[in-house]
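**Student:** Structure supplied as model33.pdb; contents: PDB, C-alpha atoms.
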```pdb
ATOM      1  CA  ALA V 741     117.225  99.954  90.541  1.00  0.00           C
ATOM      2  CA  MET V 742     115.056 101.378  93.286  1.00  0.00           C
ATOM      3  CA  PHE V 743     114.531 104.721  91.606  1.00  0.00           C
ATOM      4  CA  GLU V 744     114.237 103.784  87.955  1.00  0.00           C
ATOM      5  CA  LYS V 745     111.653 106.027  86.358  1.00  0.00           C
ATOM      6  CA  MET V 746     108.162 104.645  86.236  1.00  0.00           C
ATOM      7  CA  ARG V 747     105.607 105.860  83.724  1.00  0.00           C
ATOM      8  CA  PRO V 748     104.153 109.190  84.873  1.00  0.00           C
ATOM      9  CA  LEU V 749     100.683 108.810  86.348  1.00  0.00           C
ATOM     10  CA  GLN V 750      97.770 111.203  86.696  1.00  0.00           C
ATOM     11  CA  VAL V 751      97.193 111.121  90.455  1.00  0.00           C
ATOM     12  CA  LEU V 752      94.164 112.292  92.410  1.00  0.00           C
ATOM     13  CA  LEU V 753      95.439 113.118  95.893  1.00  0.00           C
ATOM     14  CA  VAL V 754      92.909 113.474  98.724  1.00  0.00           C
ATOM     15  CA  ASP V 755      93.713 114.565 102.287  1.00  0.00           C
ATOM     16  CA  ASP V 756      91.952 117.028 104.548  1.00  0.00           C
ATOM     17  CA  ASP V 757      95.287 118.223 105.911  1.00  0.00           C
ATOM     18  CA  VAL V 758      96.451 120.912 103.490  1.00  0.00           C
ATOM     19  CA  SER V 759     100.070 120.664 104.634  1.00  0.00           C
ATOM     20  CA  VAL V 760     100.068 116.944 103.819  1.00  0.00           C
ATOM     21  CA  LEU V 761      98.640 117.751 100.379  1.00  0.00           C
ATOM     22  CA  GLY V 762     101.512 120.164  99.822  1.00  0.00           C
ATOM     23  CA  VAL V 763     104.223 117.731 100.858  1.00  0.00           C
ATOM     24  CA  LEU V 764     102.805 114.800  98.898  1.00  0.00           C
ATOM     25  CA  THR V 765     102.118 116.905  95.802  1.00  0.00           C
ATOM     26  CA  GLY V 766     105.759 118.004  95.821  1.00  0.00           C
ATOM     27  CA  LEU V 767     106.936 114.446  96.287  1.00  0.00           C
ATOM     28  CA  LEU V 768     104.732 113.042  93.525  1.00  0.00           C
ATOM     29  CA  GLU V 769     105.672 115.819  91.112  1.00  0.00           C
ATOM     30  CA  SER V 770     109.358 115.277  91.841  1.00  0.00           C
ATOM     31  CA  LEU V 771     108.799 111.666  90.745  1.00  0.00           C
ATOM     32  CA  GLY V 772     107.303 112.903  87.481  1.00  0.00           C
ATOM     33  CA  HIS V 773     103.614 112.379  88.234  1.00  0.00           C
ATOM     34  CA  ALA V 774     100.835 114.874  87.547  1.00  0.00           C
ATOM     35  CA  VAL V 775      98.721 115.706  90.593  1.00  0.00           C
ATOM     36  CA  ILE V 776      95.189 116.957  91.143  1.00  0.00           C
ATOM     37  CA  SER V 777      94.635 117.517  94.850  1.00  0.00           C
ATOM     38  CA  ALA V 778      91.460 117.819  96.908  1.00  0.00           C
ATOM     39  CA  ASP V 779      91.155 118.544 100.626  1.00  0.00           C
ATOM     40  CA  ASN V 780      87.684 117.036 100.996  1.00  0.00           C
ATOM     41  CA  ALA V 781      85.578 114.238  99.524  1.00  0.00           C
ATOM     42  CA  PRO V 782      83.126 116.410  97.525  1.00  0.00           C
ATOM     43  CA  ASP V 783      86.016 118.157  95.766  1.00  0.00           C
ATOM     44  CA  ALA V 784      87.601 114.770  95.118  1.00  0.00           C
ATOM     45  CA  GLU V 785      84.339 113.558  93.530  1.00  0.00           C
ATOM     46  CA  LEU V 786      84.253 116.645  91.296  1.00  0.00           C
ATOM     47  CA  ALA V 787      87.894 116.231  90.308  1.00  0.00           C
ATOM     48  CA  PHE V 788      87.378 112.558  89.514  1.00  0.00           C
ATOM     49  CA  SER V 789      84.245 113.048  87.419  1.00  0.00           C
ATOM     50  CA  GLY V 790      85.626 116.139  85.700  1.00  0.00           C
ATOM     51  CA  HIS V 791      88.930 114.571  84.818  1.00  0.00           C
ATOM     52  CA  GLY V 792      88.642 111.286  82.956  1.00  0.00           C
ATOM     53  CA  GLN V 793      92.366 110.676  83.016  1.00  0.00           C
ATOM     54  CA  VAL V 794      92.834 109.905  86.726  1.00  0.00           C
ATOM     55  CA  GLU V 795      94.871 106.702  86.989  1.00  0.00           C
ATOM     56  CA  LEU V 796      95.676 106.558  90.679  1.00  0.00           C
ATOM     57  CA  LEU V 797      93.774 107.571  93.791  1.00  0.00           C
ATOM     58  CA  LEU V 798      96.030 108.352  96.748  1.00  0.00           C
ATOM     59  CA  SER V 799      93.706 109.132  99.637  1.00  0.00           C
ATOM     60  CA  ASP V 800      93.776 109.507 103.370  1.00  0.00           C
ATOM     61  CA  TYR V 801      91.454 107.021 105.042  1.00  0.00           C
ATOM     62  CA  ASN V 802      89.810 109.413 107.491  1.00  0.00           C
ATOM     63  CA  LEU V 803      87.994 112.171 105.638  1.00  0.00           C
ATOM     64  CA  ALA V 804      85.457 114.459 107.264  1.00  0.00           C
ATOM     65  CA  GLU V 805      82.556 113.303 105.109  1.00  0.00           C
ATOM     66  CA  THR V 806      83.460 109.691 104.423  1.00  0.00           C
ATOM     67  CA  THR V 807      86.414 107.294 104.305  1.00  0.00           C
ATOM     68  CA  GLY V 808      89.030 106.946 101.621  1.00  0.00           C
ATOM     69  CA  LEU V 809      87.831 103.362 101.254  1.00  0.00           C
ATOM     70  CA  MET V 810      84.283 104.461 100.402  1.00  0.00           C
ATOM     71  CA  LEU V 811      85.690 106.991  97.946  1.00  0.00           C
ATOM     72  CA  ALA V 812      87.855 104.316  96.328  1.00  0.00           C
ATOM     73  CA  LYS V 813      84.888 101.952  96.012  1.00  0.00           C
ATOM     74  CA  ARG V 814      82.788 104.628  94.343  1.00  0.00           C
ATOM     75  CA  PHE V 815      85.550 105.588  91.915  1.00  0.00           C
ATOM     76  CA  THR V 816      86.528 102.040  90.987  1.00  0.00           C
ATOM     77  CA  ALA V 817      82.854 101.231  90.342  1.00  0.00           C
ATOM     78  CA  HIS V 818      83.150 103.734  87.468  1.00  0.00           C
ATOM     79  CA  LYS V 819      86.729 102.920  86.576  1.00  0.00           C
ATOM     80  CA  PRO V 820      87.765  99.377  87.579  1.00  0.00           C
ATOM     81  CA  GLU V 821      91.367  99.842  86.428  1.00  0.00           C
ATOM     82  CA  LEU V 822      91.931 102.770  88.813  1.00  0.00           C
ATOM     83  CA  ARG V 823      94.892 102.143  91.115  1.00  0.00           C
ATOM     84  CA  VAL V 824      94.360 102.891  94.780  1.00  0.00           C
ATOM     85  CA  ILE V 825      96.671 103.698  97.676  1.00  0.00           C
ATOM     86  CA  LEU V 826      95.058 104.510 101.028  1.00  0.00           C
ATOM     87  CA  MET V 827      96.959 106.043 103.938  1.00  0.00           C
ATOM     88  CA  SER V 828      96.276 106.724 107.575  1.00  0.00           C
ATOM     89  CA  GLY V 829      98.029 108.045 110.644  1.00  0.00           C
ATOM     90  CA  GLY V 830      96.413 105.393 112.803  1.00  0.00           C
ATOM     91  CA  ASP V 831      95.621 101.712 112.810  1.00  0.00           C
ATOM     92  CA  LEU V 832      92.573 100.878 110.708  1.00  0.00           C
ATOM     93  CA  GLY V 833      91.832  97.536 112.272  1.00  0.00           C
ATOM     94  CA  GLN V 834      92.236  94.137 110.673  1.00  0.00           C
ATOM     95  CA  GLU V 835      88.850  93.995 108.956  1.00  0.00           C
ATOM     96  CA  THR V 836      89.459  97.200 107.006  1.00  0.00           C
ATOM     97  CA  LEU V 837      93.033  96.230 106.151  1.00  0.00           C
ATOM     98  CA  ASN V 838      91.808  92.852 104.927  1.00  0.00           C
ATOM     99  CA  GLU V 839      89.263  94.523 102.683  1.00  0.00           C
ATOM    100  CA  ILE V 840      91.902  96.853 101.228  1.00  0.00           C
ATOM    101  CA  ARG V 841      94.231  93.914 100.588  1.00  0.00           C
ATOM    102  CA  SER V 842      91.480  91.749  99.115  1.00  0.00           C
ATOM    103  CA  ARG V 843      90.978  94.430  96.456  1.00  0.00           C
ATOM    104  CA  ASP V 844      94.705  94.527  95.779  1.00  0.00           C
ATOM    105  CA  TRP V 845      94.987  98.118  96.926  1.00  0.00           C
ATOM    106  CA  ALA V 846      97.939  99.472  98.859  1.00  0.00           C
ATOM    107  CA  PHE V 847      97.959 100.870 102.392  1.00  0.00           C
ATOM    108  CA  LEU V 848     100.519 103.260 103.858  1.00  0.00           C
ATOM    109  CA  LEU V 849     100.896 104.190 107.495  1.00  0.00           C
ATOM    110  CA  LYS V 850     101.647 107.892 108.008  1.00  0.00           C
ATOM    111  CA  PRO V 851     104.100 109.412 108.280  1.00  0.00           C
ATOM    112  CA  MET V 852     105.569 107.436 105.415  1.00  0.00           C
ATOM    113  CA  SER V 853     109.028 107.768 103.998  1.00  0.00           C
ATOM    114  CA  HIS V 854     109.824 108.760 100.445  1.00  0.00           C
ATOM    115  CA  SER V 855     110.770 105.155  99.676  1.00  0.00           C
ATOM    116  CA  ASP V 856     107.517 103.796 101.190  1.00  0.00           C
ATOM    117  CA  LEU V 857     105.596 105.997  98.789  1.00  0.00           C
ATOM    118  CA  VAL V 858     107.752 105.047  95.802  1.00  0.00           C
ATOM    119  CA  LYS V 859     107.321 101.367  96.639  1.00  0.00           C
ATOM    120  CA  ALA V 860     103.534 101.704  96.967  1.00  0.00           C
ATOM    121  CA  LEU V 861     103.329 103.585  93.668  1.00  0.00           C
ATOM    122  CA  ARG V 862     105.351 100.865  92.000  1.00  0.00           C
ATOM    123  CA  ASN V 863     103.301  98.064  93.562  1.00  0.00           C
ATOM    124  CA  SER V 864     100.044  99.733  92.657  1.00  0.00           C
ATOM    125  CA  SER V 865     100.913  99.690  88.986  1.00  0.00           C
ATOM    126  CA  SER V 866      99.197  96.766  87.358  1.00  0.00           C
ATOM    127  CA  PRO V 867     101.653  95.287  84.831  1.00  0.00           C
ATOM    128  CA  CYS V 868      98.788  93.945  82.732  1.00  0.00           C
ATOM    129  CA  MET V 869      97.475  97.507  82.288  1.00  0.00           C
ATOM    130  CA  ALA V 870     100.842  98.907  81.183  1.00  0.00           C
ATOM    131  CA  ASP V 871     100.886 100.372  77.737  1.00  0.00           C
TER     132      ASP V 871
END
```
I'd like the structure from this file rewritten - as structure tokens, please.
**Tutor:**
Amino acid sequence: AMFEKMRPLQVLLVDDDVSVLGVLTGLLESLGHAVISADNAPDAELAFSGHGQVELLLSDYNLAETTGLMLAKRFTAHKPELRVILMSGGDLGQETLNEIRSRDWAFLLKPMSHSDLVKALRNSSSPCMAD
């Protein structure tokens, strides 16, 4: 079934648009996930280092200080099993998309539908890491 419950995840959500943070937090929480949100990269870094339980990074690609990709690389260097979904309102170009795919991370084009997000969450879960 499309909407069978998946195991709740601890999600770190990063987007510099506060209204997007609000919408996505609501959506993720309605799916049973726990959310820590940050509207800039430095806050995301603090949240990640201060909260050892983060299992999934859901980040916008274009952040004021850096890119979601750079953030994801830094975080996964510390925590290789971290799941990553990057999103953007615009085309990232083939090179960037290829790099995201080569790491087995997910990419969502904004605005995404509820089911796009659910599918990406499901696909980002590594079966071998399941408890």
**Student:** Could you state which residues are captured by the PyMOL selection byres ((chain V and resi 812-827) around 10) in this file, as JSON, numbers by chain?
**Tutor:** {"V": [751, 752, 753, 754, 755, 784, 785, 788, 789, 792, 793, 794, 795, 796, 797, 798, 799, 800, 801, 802, 807, 808, 809, 810, 811, 828, 829, 830, 831, 832, 837, 840, 843, 844, 845, 846, 847, 848, 849, 850, 851, 852, 857, 860, 861, 863, 864, 865, 866, 869]}
**Student:** Calculate how many Å separate CA of Asp783 (chain V) from CA of Leu761 (chain V), rounding to one decimal.
**Tutor:** 13.4 Å
**Student:** As an exercise, work out the distance from CA of Leu764 (chain V) to CA of Ala778 (chain V) in Å and give it to one decimal place.
**Tutor:**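 Atom-to-atom, CA of Leu764 (chain V) and CA of Ala778 (chain V) are spaced 11.9 Å apart.
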**Student:** What gap, in Å, lies between CA of Lys859 (chain V) and CA of Leu749 (chain V)?
**Tutor:**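 Those two atoms sit 14.3 Å apart.
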